[in-house]
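A.B. asks: Quick one, run-v4.pdb (PDB, C-alpha atoms):
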ATOM      1  CA  MET A   1     108.214  73.112 130.578  1.00  0.00           C
ATOM      2  CA  LEU A   2     107.743  76.437 132.310  1.00  0.00           C
ATOM      3  CA  ALA A   3     104.495  78.392 132.221  1.00  0.00           C
ATOM      4  CA  LEU A   4     102.999  81.403 133.955  1.00  0.00           C
ATOM      5  CA  GLY A   5      99.896  80.725 136.009  1.00  0.00           C
ATOM      6  CA  VAL A   6      97.600  83.558 137.064  1.00  0.00           C
ATOM      7  CA  ASP A   7      94.734  83.211 139.524  1.00  0.00           C
ATOM      8  CA  ILE A   8      92.079  85.938 139.572  1.00  0.00           C
ATOM      9  CA  GLY A   9      90.428  86.051 142.976  1.00  0.00           C
ATOM     10  CA  GLY A  10      87.793  88.268 144.469  1.00  0.00           C
ATOM     11  CA  SER A  11      90.396  90.247 146.415  1.00  0.00           C
ATOM     12  CA  GLY A  12      93.662  89.640 144.596  1.00  0.00           C
ATOM     13  CA  MET A  13      95.207  88.612 141.282  1.00  0.00           C
ATOM     14  CA  LYS A  14      98.200  86.328 141.806  1.00  0.00           C
ATOM     15  CA  GLY A  15     100.808  85.018 139.412  1.00  0.00           C
ATOM     16  CA  ASN A  16     103.908  82.878 139.388  1.00  0.00           C
ATOM     17  CA  VAL A  17     106.033  80.739 137.096  1.00  0.00           C
ATOM     18  CA  VAL A  18     105.470  76.997 137.463  1.00  0.00           C
ATOM     19  CA  ASN A  19     107.228  73.873 136.262  1.00  0.00           C
ATOM     20  CA  THR A  20     104.498  71.882 134.536  1.00  0.00           C
ATOM     21  CA  ALA A  21     106.568  68.683 134.574  1.00  0.00           C
ATOM     22  CA  THR A  22     107.185  68.579 138.324  1.00  0.00           C
ATOM     23  CA  GLY A  23     104.473  70.798 139.820  1.00  0.00           C
ATOM     24  CA  GLU A  24     107.031  73.128 141.369  1.00  0.00           C
ATOM     25  CA  ILE A  25     105.996  76.714 141.984  1.00  0.00           C
ATOM     26  CA  LEU A  26     109.003  78.879 141.206  1.00  0.00           C
ATOM     27  CA  SER A  27     110.236  82.330 142.162  1.00  0.00           C
ATOM     28  CA  LYS A  28     108.254  84.730 144.344  1.00  0.00           C
ATOM     29  CA  ARG A  29     104.536  85.123 143.815  1.00  0.00           C
ATOM     30  CA  LEU A  30     103.298  88.493 142.623  1.00  0.00           C
ATOM     31  CA  ARG A  31      99.961  89.617 144.027  1.00  0.00           C
ATOM     32  CA  ILE A  32      98.075  92.740 142.953  1.00  0.00           C
ATOM     33  CA  PRO A  33      94.664  93.649 144.431  1.00  0.00           C
ATOM     34  CA  THR A  34      91.784  92.829 142.115  1.00  0.00           C
ATOM     35  CA  PRO A  35      90.577  96.183 140.746  1.00  0.00           C
ATOM     36  CA  ARG A  36      87.145  97.498 141.618  1.00  0.00           C
ATOM     37  CA  PRO A  37      84.619  97.279 140.129  1.00  0.00           C
ATOM     38  CA  GLY A  38      86.664  94.868 138.052  1.00  0.00           C
ATOM     39  CA  THR A  39      85.779  95.920 134.521  1.00  0.00           C
ATOM     40  CA  ILE A  40      87.288  94.171 131.508  1.00  0.00           C
ATOM     41  CA  PRO A  41      89.922  96.885 130.854  1.00  0.00           C
ATOM     42  CA  GLU A  42      90.863  97.063 134.541  1.00  0.00           C
ATOM     43  CA  VAL A  43      91.356  93.323 135.002  1.00  0.00           C
ATOM     44  CA  ALA A  44      93.118  92.946 131.643  1.00  0.00           C
ATOM     45  CA  GLU A  45      95.525  95.747 132.580  1.00  0.00           C
ATOM     46  CA  VAL A  46      96.521  94.040 135.828  1.00  0.00           C
ATOM     47  CA  LEU A  47      96.917  90.719 134.016  1.00  0.00           C
ATOM     48  CA  ALA A  48      99.225  92.390 131.495  1.00  0.00           C
ATOM     49  CA  GLU A  49     101.255  93.861 134.379  1.00  0.00           C
ATOM     50  CA  ILE A  50     101.683  90.438 135.987  1.00  0.00           C
ATOM     51  CA  VAL A  51     102.602  88.767 132.695  1.00  0.00           C
ATOM     52  CA  GLY A  52     105.051  91.519 131.816  1.00  0.00           C
ATOM     53  CA  HIS A  53     106.704  91.262 135.221  1.00  0.00           C
ATOM     54  CA  PHE A  54     107.434  87.554 134.929  1.00  0.00           C
ATOM     55  CA  ARG A  55     108.363  87.562 131.253  1.00  0.00           C
ATOM     56  CA  THR A  56     110.926  90.243 132.058  1.00  0.00           C
ATOM     57  CA  GLU A  57     112.147  88.510 135.215  1.00  0.00           C
ATOM     58  CA  TRP A  58     112.629  85.199 133.396  1.00  0.00           C
ATOM     59  CA  GLY A  59     113.823  86.732 130.141  1.00  0.00           C
ATOM     60  CA  ASP A  60     111.203  84.830 128.164  1.00  0.00           C
ATOM     61  CA  PRO A  61     108.760  86.968 126.162  1.00  0.00           C
ATOM     62  CA  SER A  62     106.988  83.831 124.923  1.00  0.00           C
ATOM     63  CA  LEU A  63     106.279  82.323 128.360  1.00  0.00           C
ATOM     64  CA  PRO A  64     102.904  80.496 128.024  1.00  0.00           C
ATOM     65  CA  VAL A  65     100.108  81.964 130.133  1.00  0.00           C
ATOM     66  CA  GLY A  66      97.162  80.252 131.789  1.00  0.00           C
ATOM     67  CA  CYS A  67      94.560  82.091 133.848  1.00  0.00           C
ATOM     68  CA  GLY A  68      91.981  80.955 136.380  1.00  0.00           C
ATOM     69  CA  PHE A  69      88.849  83.085 136.127  1.00  0.00           C
ATOM     70  CA  PRO A  70      86.270  83.494 138.948  1.00  0.00           C
ATOM     71  CA  GLY A  71      83.209  82.389 137.014  1.00  0.00           C
ATOM     72  CA  VAL A  72      81.792  80.153 134.322  1.00  0.00           C
ATOM     73  CA  VAL A  73      83.767  80.091 131.059  1.00  0.00           C
ATOM     74  CA  LYS A  74      82.330  78.243 128.048  1.00  0.00           C
ATOM     75  CA  ALA A  75      84.151  78.288 124.710  1.00  0.00           C
ATOM     76  CA  GLY A  76      85.952  81.418 125.852  1.00  0.00           C
ATOM     77  CA  ILE A  77      82.740  83.254 126.768  1.00  0.00           C
ATOM     78  CA  VAL A  78      81.966  84.306 130.344  1.00  0.00           C
ATOM     79  CA  GLY A  79      78.699  82.909 131.688  1.00  0.00           C
ATOM     80  CA  SER A  80      79.027  84.285 135.218  1.00  0.00           C
ATOM     81  CA  ALA A  81      81.413  86.505 137.149  1.00  0.00           C
ATOM     82  CA  THR A  82      79.877  87.122 140.560  1.00  0.00           C
ATOM     83  CA  HIS A  83      82.765  89.089 142.034  1.00  0.00           C
ATOM     84  CA  LEU A  84      83.602  91.182 138.971  1.00  0.00           C
ATOM     85  CA  ASP A  85      81.778  93.855 136.994  1.00  0.00           C
ATOM     86  CA  LYS A  86      78.602  92.780 135.179  1.00  0.00           C
ATOM     87  CA  MET A  87      80.111  93.833 131.844  1.00  0.00           C
ATOM     88  CA  TRP A  88      81.924  90.480 131.863  1.00  0.00           C
ATOM     89  CA  LEU A  89      78.693  88.569 131.191  1.00  0.00           C
ATOM     90  CA  GLY A  90      78.799  87.351 127.601  1.00  0.00           C
ATOM     91  CA  ALA A  91      82.294  88.755 127.053  1.00  0.00           C
ATOM     92  CA  ASP A  92      85.031  86.900 125.184  1.00  0.00           C
ATOM     93  CA  VAL A  93      87.542  86.589 128.003  1.00  0.00           C
ATOM     94  CA  VAL A  94      90.117  84.685 125.934  1.00  0.00           C
ATOM     95  CA  THR A  95      90.279  87.440 123.328  1.00  0.00           C
ATOM     96  CA  ALA A  96      90.337  90.213 125.940  1.00  0.00           C
ATOM     97  CA  PHE A  97      93.220  88.649 127.865  1.00  0.00           C
ATOM     98  CA  SER A  98      95.155  87.521 124.789  1.00  0.00           C
ATOM     99  CA  GLU A  99      95.049  91.014 123.286  1.00  0.00           C
ATOM    100  CA  ALA A 100      96.160  92.512 126.603  1.00  0.00           C
ATOM    101  CA  VAL A 101      99.288  90.339 126.927  1.00  0.00           C
ATOM    102  CA  GLY A 102     100.120  89.938 123.223  1.00  0.00           C
ATOM    103  CA  SER A 103      99.809  86.157 123.068  1.00  0.00           C
ATOM    104  CA  THR A 104      97.187  83.457 123.522  1.00  0.00           C
ATOM    105  CA  VAL A 105      95.993  83.047 127.100  1.00  0.00           C
ATOM    106  CA  THR A 106      94.347  79.809 128.232  1.00  0.00           C
ATOM    107  CA  VAL A 107      91.384  80.687 130.469  1.00  0.00           C
ATOM    108  CA  LEU A 108      89.390  78.346 132.683  1.00  0.00           C
ATOM    109  CA  ASN A 109      87.321  78.491 135.857  1.00  0.00           C
ATOM    110  CA  ASP A 110      89.532  79.207 138.864  1.00  0.00           C
ATOM    111  CA  ALA A 111      88.397  76.238 140.959  1.00  0.00           C
ATOM    112  CA  ASP A 112      88.790  73.949 137.942  1.00  0.00           C
ATOM    113  CA  ALA A 113      92.373  75.197 137.699  1.00  0.00           C
ATOM    114  CA  ALA A 114      92.997  74.510 141.395  1.00  0.00           C
ATOM    115  CA  GLY A 115      91.581  71.028 140.982  1.00  0.00           C
ATOM    116  CA  LEU A 116      93.890  70.301 138.037  1.00  0.00           C
ATOM    117  CA  ALA A 117      96.890  71.025 140.246  1.00  0.00           C
ATOM    118  CA  GLU A 118      95.653  68.818 143.070  1.00  0.00           C
ATOM    119  CA  ILE A 119      94.780  65.972 140.678  1.00  0.00           C
ATOM    120  CA  ALA A 120      98.122  66.147 138.874  1.00  0.00           C
ATOM    121  CA  PHE A 121     100.494  66.690 141.794  1.00  0.00           C
ATOM    122  CA  GLY A 122      98.580  67.259 145.017  1.00  0.00           C
ATOM    123  CA  SER A 123      96.167  65.794 147.519  1.00  0.00           C
ATOM    124  CA  ALA A 124      94.045  64.014 144.873  1.00  0.00           C
ATOM    125  CA  GLN A 125      96.944  62.581 142.863  1.00  0.00           C
ATOM    126  CA  GLY A 126      96.214  58.987 141.898  1.00  0.00           C
ATOM    127  CA  HIS A 127      92.768  59.088 143.497  1.00  0.00           C
ATOM    128  CA  ARG A 128      90.129  57.053 141.722  1.00  0.00           C
ATOM    129  CA  GLY A 129      86.442  57.870 141.524  1.00  0.00           C
ATOM    130  CA  SER A 130      84.916  61.335 141.956  1.00  0.00           C
ATOM    131  CA  VAL A 131      86.849  64.241 143.441  1.00  0.00           C
ATOM    132  CA  LEU A 132      85.385  67.621 144.389  1.00  0.00           C
ATOM    133  CA  MET A 133      87.690  70.611 144.716  1.00  0.00           C
ATOM    134  CA  ILE A 134      86.212  73.287 146.979  1.00  0.00           C
ATOM    135  CA  THR A 135      87.944  76.657 147.290  1.00  0.00           C
ATOM    136  CA  LEU A 136      86.977  78.880 150.202  1.00  0.00           C
ATOM    137  CA  GLY A 137      87.887  82.527 149.770  1.00  0.00           C
ATOM    138  CA  THR A 138      85.929  85.627 148.807  1.00  0.00           C
ATOM    139  CA  GLY A 139      83.360  83.175 147.465  1.00  0.00           C
ATOM    140  CA  ILE A 140      83.115  79.419 147.077  1.00  0.00           C
ATOM    141  CA  GLY A 141      84.619  77.823 143.999  1.00  0.00           C
ATOM    142  CA  SER A 142      84.185  74.191 143.037  1.00  0.00           C
ATOM    143  CA  GLY A 143      85.598  71.772 140.514  1.00  0.00           C
ATOM    144  CA  MET A 144      84.446  68.227 139.790  1.00  0.00           C
ATOM    145  CA  PHE A 145      86.663  65.426 138.497  1.00  0.00           C
ATOM    146  CA  ARG A 146      85.664  61.899 137.567  1.00  0.00           C
ATOM    147  CA  GLU A 147      88.505  59.397 137.203  1.00  0.00           C
ATOM    148  CA  GLY A 148      90.818  62.364 136.823  1.00  0.00           C
ATOM    149  CA  ARG A 149      88.770  63.953 134.047  1.00  0.00           C
ATOM    150  CA  LEU A 150      87.429  67.468 134.507  1.00  0.00           C
ATOM    151  CA  VAL A 151      83.702  68.209 134.523  1.00  0.00           C
ATOM    152  CA  PRO A 152      83.885  71.985 133.897  1.00  0.00           C
ATOM    153  CA  ASN A 153      82.123  74.907 135.560  1.00  0.00           C
ATOM    154  CA  PHE A 154      80.700  73.035 138.524  1.00  0.00           C
ATOM    155  CA  GLU A 155      79.573  76.154 140.407  1.00  0.00           C
ATOM    156  CA  LEU A 156      78.371  74.893 143.789  1.00  0.00           C
ATOM    157  CA  GLY A 157      78.844  78.187 145.609  1.00  0.00           C
ATOM    158  CA  MET A 158      75.667  79.423 143.948  1.00  0.00           C
ATOM    159  CA  LEU A 159      73.445  76.761 145.526  1.00  0.00           C
ATOM    160  CA  GLU A 160      70.545  77.632 147.785  1.00  0.00           C
ATOM    161  CA  LEU A 161      70.701  75.893 151.147  1.00  0.00           C
ATOM    162  CA  ASP A 162      68.469  76.324 154.179  1.00  0.00           C
ATOM    163  CA  GLY A 163      66.929  79.424 152.636  1.00  0.00           C
ATOM    164  CA  HIS A 164      70.274  81.076 151.921  1.00  0.00           C
ATOM    165  CA  HIS A 165      71.033  82.004 148.307  1.00  0.00           C
ATOM    166  CA  PRO A 166      73.751  81.955 147.265  1.00  0.00           C
ATOM    167  CA  ILE A 167      75.146  79.778 150.028  1.00  0.00           C
ATOM    168  CA  GLU A 168      78.627  81.306 149.592  1.00  0.00           C
ATOM    169  CA  ASP A 169      77.273  84.455 151.256  1.00  0.00           C
ATOM    170  CA  ARG A 170      76.976  82.416 154.446  1.00  0.00           C
ATOM    171  CA  VAL A 171      79.862  79.951 154.198  1.00  0.00           C
ATOM    172  CA  ALA A 172      82.699  81.598 152.223  1.00  0.00           C
ATOM    173  CA  TYR A 173      85.916  82.293 154.129  1.00  0.00           C
ATOM    174  CA  ARG A 174      85.338  86.052 153.817  1.00  0.00           C
ATOM    175  CA  ILE A 175      82.217  85.600 155.968  1.00  0.00           C
ATOM    176  CA  TYR A 176      84.363  84.247 158.779  1.00  0.00           C
ATOM    177  CA  LYS A 177      86.870  87.089 158.403  1.00  0.00           C
ATOM    178  CA  GLN A 178      84.174  89.784 158.327  1.00  0.00           C
ATOM    179  CA  SER A 179      82.177  88.455 161.275  1.00  0.00           C
ATOM    180  CA  SER A 180      82.657  87.637 164.924  1.00  0.00           C
ATOM    181  CA  LEU A 181      82.019  83.944 164.338  1.00  0.00           C
ATOM    182  CA  SER A 182      84.272  81.497 166.143  1.00  0.00           C
ATOM    183  CA  TRP A 183      86.066  78.835 164.123  1.00  0.00           C
ATOM    184  CA  LYS A 184      83.669  76.277 165.547  1.00  0.00           C
ATOM    185  CA  LYS A 185      80.533  78.192 164.557  1.00  0.00           C
ATOM    186  CA  TRP A 186      81.822  78.914 161.071  1.00  0.00           C
ATOM    187  CA  ALA A 187      82.890  75.290 160.681  1.00  0.00           C
ATOM    188  CA  ARG A 188      79.368  74.189 161.562  1.00  0.00           C
ATOM    189  CA  ARG A 189      78.075  76.189 158.591  1.00  0.00           C
ATOM    190  CA  LEU A 190      80.782  74.703 156.405  1.00  0.00           C
ATOM    191  CA  ASN A 191      79.984  71.224 157.681  1.00  0.00           C
ATOM    192  CA  ARG A 192      76.326  71.643 156.722  1.00  0.00           C
ATOM    193  CA  TYR A 193      77.357  72.766 153.247  1.00  0.00           C
ATOM    194  CA  LEU A 194      79.832  69.917 152.727  1.00  0.00           C
ATOM    195  CA  ASP A 195      77.315  67.389 153.980  1.00  0.00           C
ATOM    196  CA  HIS A 196      74.726  68.750 151.538  1.00  0.00           C
ATOM    197  CA  ILE A 197      76.928  68.644 148.457  1.00  0.00           C
ATOM    198  CA  GLY A 198      78.170  65.238 149.558  1.00  0.00           C
ATOM    199  CA  SER A 199      74.626  63.910 149.560  1.00  0.00           C
ATOM    200  CA  LEU A 200      73.903  65.495 146.170  1.00  0.00           C
ATOM    201  CA  PHE A 201      76.991  64.346 144.262  1.00  0.00           C
ATOM    202  CA  ALA A 202      78.463  61.488 146.339  1.00  0.00           C
ATOM    203  CA  PRO A 203      82.122  62.383 145.825  1.00  0.00           C
ATOM    204  CA  ASP A 204      84.773  59.959 147.037  1.00  0.00           C
ATOM    205  CA  LEU A 205      87.036  62.801 148.126  1.00  0.00           C
ATOM    206  CA  ILE A 206      86.642  66.517 148.806  1.00  0.00           C
ATOM    207  CA  VAL A 207      89.783  68.650 148.655  1.00  0.00           C
ATOM    208  CA  ILE A 208      89.573  71.988 150.470  1.00  0.00           C
ATOM    209  CA  GLY A 209      91.581  74.901 149.077  1.00  0.00           C
ATOM    210  CA  GLY A 210      91.448  78.672 148.801  1.00  0.00           C
ATOM    211  CA  GLY A 211      92.561  81.124 151.445  1.00  0.00           C
ATOM    212  CA  ALA A 212      90.848  79.202 154.243  1.00  0.00           C
ATOM    213  CA  VAL A 213      93.144  76.199 153.845  1.00  0.00           C
ATOM    214  CA  ASN A 214      95.944  78.199 155.478  1.00  0.00           C
ATOM    215  CA  LYS A 215      93.905  77.877 158.678  1.00  0.00           C
ATOM    216  CA  TRP A 216      93.052  74.202 158.190  1.00  0.00           C
ATOM    217  CA  SER A 217      94.095  73.227 161.721  1.00  0.00           C
ATOM    218  CA  LYS A 218      91.740  75.842 163.174  1.00  0.00           C
ATOM    219  CA  PHE A 219      88.513  74.495 161.691  1.00  0.00           C
ATOM    220  CA  SER A 220      89.072  70.984 160.326  1.00  0.00           C
ATOM    221  CA  ARG A 221      88.650  69.340 163.723  1.00  0.00           C
ATOM    222  CA  HIS A 222      85.077  70.659 163.791  1.00  0.00           C
ATOM    223  CA  LEU A 223      84.142  69.004 160.486  1.00  0.00           C
ATOM    224  CA  ASP A 224      82.287  65.705 160.508  1.00  0.00           C
ATOM    225  CA  VAL A 225      80.992  64.610 157.115  1.00  0.00           C
ATOM    226  CA  PRO A 226      80.760  61.075 155.651  1.00  0.00           C
ATOM    227  CA  VAL A 227      83.221  61.944 152.864  1.00  0.00           C
ATOM    228  CA  ALA A 228      87.011  61.868 152.919  1.00  0.00           C
ATOM    229  CA  LEU A 229      88.385  65.412 153.346  1.00  0.00           C
ATOM    230  CA  LYS A 230      91.902  66.632 152.578  1.00  0.00           C
ATOM    231  CA  PRO A 231      93.488  70.084 152.557  1.00  0.00           C
ATOM    232  CA  ALA A 232      94.932  71.169 149.221  1.00  0.00           C
ATOM    233  CA  ARG A 233      98.633  70.341 149.075  1.00  0.00           C
ATOM    234  CA  PHE A 234      99.301  73.586 147.246  1.00  0.00           C
ATOM    235  CA  GLY A 235      97.006  75.641 149.445  1.00  0.00           C
ATOM    236  CA  ASN A 236      95.979  78.942 147.942  1.00  0.00           C
ATOM    237  CA  HIS A 237      98.634  78.483 145.214  1.00  0.00           C
ATOM    238  CA  ALA A 238      96.793  75.579 143.573  1.00  0.00           C
ATOM    239  CA  GLY A 239      94.862  77.838 141.197  1.00  0.00           C
ATOM    240  CA  LEU A 240      97.904  79.433 139.628  1.00  0.00           C
ATOM    241  CA  LEU A 241      99.681  76.078 139.309  1.00  0.00           C
ATOM    242  CA  GLY A 242      96.645  74.549 137.618  1.00  0.00           C
ATOM    243  CA  ALA A 243      96.302  77.516 135.280  1.00  0.00           C
ATOM    244  CA  GLY A 244      99.907  77.099 134.225  1.00  0.00           C
ATOM    245  CA  LEU A 245      99.354  73.382 133.663  1.00  0.00           C
ATOM    246  CA  ALA A 246      96.337  74.069 131.462  1.00  0.00           C
ATOM    247  CA  ALA A 247      98.407  76.442 129.317  1.00  0.00           C
ATOM    248  CA  VAL A 248     100.864  73.750 128.228  1.00  0.00           C
ATOM    249  CA  LYS A 249      99.074  70.467 128.900  1.00  0.00           C
ATOM    250  CA  PRO A 250      95.702  70.678 127.120  1.00  0.00           C
ATOM    251  CA  GLU A 251      95.232  66.940 127.621  1.00  0.00           C
ATOM    252  CA  LEU A 252      94.518  67.659 131.297  1.00  0.00           C
ATOM    253  CA  VAL A 253      91.549  69.789 130.291  1.00  0.00           C
ATOM    254  CA  GLY A 254      90.467  67.678 127.328  1.00  0.00           C
ATOM    255  CA  ASP A 255      87.529  69.237 125.485  1.00  0.00           C
ATOM    256  CA  ALA A 256      86.173  70.873 128.652  1.00  0.00           C
ATOM    257  CA  TYR A 257      87.212  74.361 127.476  1.00  0.00           C
ATOM    258  CA  PRO A 258      86.944  74.439 123.666  1.00  0.00           C
ATOM    259  CA  VAL A 259      87.882  77.729 122.000  1.00  0.00           C
TER     260      VAL A 259
END
Can you present the structure in this file as structure tokens?
C.D. replies:
Amino acid sequence: MLALGVDIGGSGMKGNVVNTATGEILSKRLRIPTPRPGTIPEVAEVLAEIVGHFRTEWGDPSLPVGCGFPGVVKAGIVGSATHLDKMWLGADVVTAFSEAVGSTVTVLNDADAAGLAEIAFGSAQGHRGSVLMITLGTGIGSGMFREGRLVPNFELGMLELDGHHPIEDRVAYRIYKQSSLSWKKWARRLNRYLDHIGSLFAPDLIVIGGGAVNKWSKFSRHLDVPVALKPARFGNHAGLLGAGLAAVKPELVGDAYPV
């Protein structure tokens, strides 16, 4: 079954049609810069534009929509949204998005969505035990899975580490891009972070995604942590694939995101 997956990032909102049976990402991705300051009406308007584009392109006005949101979402209510306007706190994101596009939108944490894709079809497919999905972009997103089952809203980018709070302001991929750090020096920071969360949660596998994964060969050789590491198979597209999966396969999410 086809679905539209949308991934809201700190710098861009991306969408594409996905095949939820095969994991294929179809057509050409549409990316629109995330509005600033990112109020509810602004973000909802861009979402409606993306949905309208693909429903028209595919001639399917009922195309199911799933959306990865950059923050905590519990029972449809936003608990955090670090890279969007503060008016999101306590807002009903499911209602806001559903009204904007004219149909029900499934909304979940963006890193949780990316993890769903990697568990179902990607680098963590068939992996037993605990899997951590870490997305490195404007911030740090994280998703935890135990025996393939989602533990929602596992926000590890907000940790304090070595006196830095939140740690994403030192380790996120945007920090590398905005600084003069070499890949090796940035990777050392990332290595410290991965080693720390590895000691806290003892995952059997950490999958690295987000924008940074496109440069995996540049920094991965500098990482040395006692946990298996893999780049996301779907790279920075994992979030939109996972969002589309969640829209039509609620069994993948279970009761993690009740509405």
A.B. asks: If the PyMOL selection byres ((chain A and resi 78-90) around 12) were run on this exact file, what residues would it hold? Put them as a PDB file with C-alpha atoms, keeping the file's coordinate frame.
C.D. replies:
ATOM      1  CA  ILE A   8      92.079  85.938 139.572  1.00  0.00           C
ATOM      2  CA  GLY A   9      90.428  86.051 142.976  1.00  0.00           C
ATOM      3  CA  GLY A  10      87.793  88.268 144.469  1.00  0.00           C
ATOM      4  CA  SER A  11      90.396  90.247 146.415  1.00  0.00           C
ATOM      5  CA  GLY A  12      93.662  89.640 144.596  1.00  0.00           C
ATOM      6  CA  THR A  34      91.784  92.829 142.115  1.00  0.00           C
ATOM      7  CA  PRO A  35      90.577  96.183 140.746  1.00  0.00           C
ATOM      8  CA  ARG A  36      87.145  97.498 141.618  1.00  0.00           C
ATOM      9  CA  PRO A  37      84.619  97.279 140.129  1.00  0.00           C
ATOM     10  CA  GLY A  38      86.664  94.868 138.052  1.00  0.00           C
ATOM     11  CA  THR A  39      85.779  95.920 134.521  1.00  0.00           C
ATOM     12  CA  ILE A  40      87.288  94.171 131.508  1.00  0.00           C
ATOM     13  CA  PRO A  41      89.922  96.885 130.854  1.00  0.00           C
ATOM     14  CA  GLU A  42      90.863  97.063 134.541  1.00  0.00           C
ATOM     15  CA  VAL A  43      91.356  93.323 135.002  1.00  0.00           C
ATOM     16  CA  ALA A  44      93.118  92.946 131.643  1.00  0.00           C
ATOM     17  CA  GLY A  68      91.981  80.955 136.380  1.00  0.00           C
ATOM     18  CA  PHE A  69      88.849  83.085 136.127  1.00  0.00           C
ATOM     19  CA  PRO A  70      86.270  83.494 138.948  1.00  0.00           C
ATOM     20  CA  GLY A  71      83.209  82.389 137.014  1.00  0.00           C
ATOM     21  CA  VAL A  72      81.792  80.153 134.322  1.00  0.00           C
ATOM     22  CA  VAL A  73      83.767  80.091 131.059  1.00  0.00           C
ATOM     23  CA  LYS A  74      82.330  78.243 128.048  1.00  0.00           C
ATOM     24  CA  ALA A  75      84.151  78.288 124.710  1.00  0.00           C
ATOM     25  CA  GLY A  76      85.952  81.418 125.852  1.00  0.00           C
ATOM     26  CA  ILE A  77      82.740  83.254 126.768  1.00  0.00           C
ATOM     27  CA  ALA A  91      82.294  88.755 127.053  1.00  0.00           C
ATOM     28  CA  ASP A  92      85.031  86.900 125.184  1.00  0.00           C
ATOM     29  CA  VAL A  93      87.542  86.589 128.003  1.00  0.00           C
ATOM     30  CA  VAL A  94      90.117  84.685 125.934  1.00  0.00           C
ATOM     31  CA  THR A  95      90.279  87.440 123.328  1.00  0.00           C
ATOM     32  CA  ALA A  96      90.337  90.213 125.940  1.00  0.00           C
ATOM     33  CA  VAL A 107      91.384  80.687 130.469  1.00  0.00           C
ATOM     34  CA  LEU A 108      89.390  78.346 132.683  1.00  0.00           C
ATOM     35  CA  ASN A 109      87.321  78.491 135.857  1.00  0.00           C
ATOM     36  CA  ASP A 110      89.532  79.207 138.864  1.00  0.00           C
ATOM     37  CA  GLY A 137      87.887  82.527 149.770  1.00  0.00           C
ATOM     38  CA  THR A 138      85.929  85.627 148.807  1.00  0.00           C
ATOM     39  CA  GLY A 139      83.360  83.175 147.465  1.00  0.00           C
ATOM     40  CA  ILE A 140      83.115  79.419 147.077  1.00  0.00           C
ATOM     41  CA  GLY A 141      84.619  77.823 143.999  1.00  0.00           C
ATOM     42  CA  ASN A 153      82.123  74.907 135.560  1.00  0.00           C
ATOM     43  CA  PHE A 154      80.700  73.035 138.524  1.00  0.00           C
ATOM     44  CA  GLU A 155      79.573  76.154 140.407  1.00  0.00           C
ATOM     45  CA  GLY A 157      78.844  78.187 145.609  1.00  0.00           C
ATOM     46  CA  MET A 158      75.667  79.423 143.948  1.00  0.00           C
ATOM     47  CA  PRO A 166      73.751  81.955 147.265  1.00  0.00           C
ATOM     48  CA  GLU A 168      78.627  81.306 149.592  1.00  0.00           C
ATOM     49  CA  ASP A 169      77.273  84.455 151.256  1.00  0.00           C
ATOM     50  CA  TYR A 257      87.212  74.361 127.476  1.00  0.00           C
TER      51      TYR A 257
END
A.B. asks: Find the residues near range 228-240 of chain A: any atom within 8 Å, counting all atoms listed in the file, skip ones fewer than 3 places away on the same chain, and give them as a PyMOL selection string.
C.D. replies: chain A and resi 4-7+14-16+66-68+110-115+117-118+122-123+204-211+213-214+216+225+243-244
A.B. asks: Please provide as number ranges by chain all residues within 12 Å of Ser217 in chain A, with the sequence filter that same-chain residues fewer than 4 positions apart are discarded (counting only C-alpha atoms).
C.D. replies: A: 183-184, 187, 212-213, 221-223, 230-231
A.B. asks: Could you write out the selected residues, including C-alpha atoms, as a short mmCIF file (atom, residue, chain, number, x, y, z; two decimals), keeping the file's coordinate frame?
C.D. replies:
data_model
loop_
_atom_site.label_atom_id
_atom_site.label_comp_id
_atom_site.auth_asym_id
_atom_site.auth_seq_id
_atom_site.Cartn_x
_atom_site.Cartn_y
_atom_site.Cartn_z
CA TRP A 183 86.07 78.83 164.12
CA LYS A 184 83.67 76.28 165.55
CA ALA A 187 82.89 75.29 160.68
CA ALA A 212 90.85 79.20 154.24
CA VAL A 213 93.14 76.20 153.84
CA ARG A 221 88.65 69.34 163.72
CA HIS A 222 85.08 70.66 163.79
CA LEU A 223 84.14 69.00 160.49
CA LYS A 230 91.90 66.63 152.58
CA PRO A 231 93.49 70.08 152.56
#
A.B. asks: I want to know what sits within 7 Å of Ala3 in chain A, based on all atoms listed in the file, with residues of the same chain fewer than 2 positions away left out; could you give that as a list in words?
C.D. replies: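 Those residues are Met1, Gly5, Val17, Val18, Asn19, Thr20, Leu63, Pro64, Val65 and Gly244 of chain A.
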A.B. asks: Go through A:Thr56, A:Thr106, A:Ser220, A:Ser199 one by one, measure the shortest atom-to-atom distance of each to Val253 in chain A using all atoms listed in the file, and give the residue with the smallest value.
C.D. replies: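 Among the listed residues, the smallest separation from Val253 in chain A belongs to A:Thr106.
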A.B. asks: Which of these residues is nearest to Val101 in chain A, using all atoms listed in the file: A:Gly52, A:Pro33, A:Gly143, A:Pro226?
C.D. replies: A:Gly52
A.B. asks: Measuring atom to atom with all atoms listed in the file, identify which of A:Leu47, A:Arg188, A:His164, A:Leu194 is nearest to Ser142 in chain A.
C.D. replies: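 Checking each of A:Leu47, A:Arg188, A:His164, A:Leu194 against Ser142 in chain A, counting all atoms listed in the file, the winner is A:Leu194.
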A.B. asks: Do you know which residues the PyMOL selection byres ((chain A and resi 146) around 8) returns on this file, as a PyMOL selection string?
C.D. replies: chain A and resi 128-131+144-145+147-151
A.B. asks: Can you work out the spacing between CA of Ser27 in chain A and CA of Ala172 in chain A in Å, to one decimal?
C.D. replies: 29.3 Å
A.B. asks: If we count all atoms listed in the file and set the cut-off at 8 Å, which residues sit around Val171 in chain A, ignoring sequence neighbours fewer than 6 positions away in its own chain? Please answer as number ranges by chain.
C.D. replies: A: 140, 186, 189-190, 193
A.B. asks: Please determine, counting only C-alpha atoms, which residue among A:Ile175, A:Leu241, A:Leu132, A:Arg170 has the shortest atom-to-atom distance to Pro203 in chain A.
C.D. replies: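 Nearest candidate to Pro203 in chain A out of A:Ile175, A:Leu241, A:Leu132, A:Arg170: A:Leu132.
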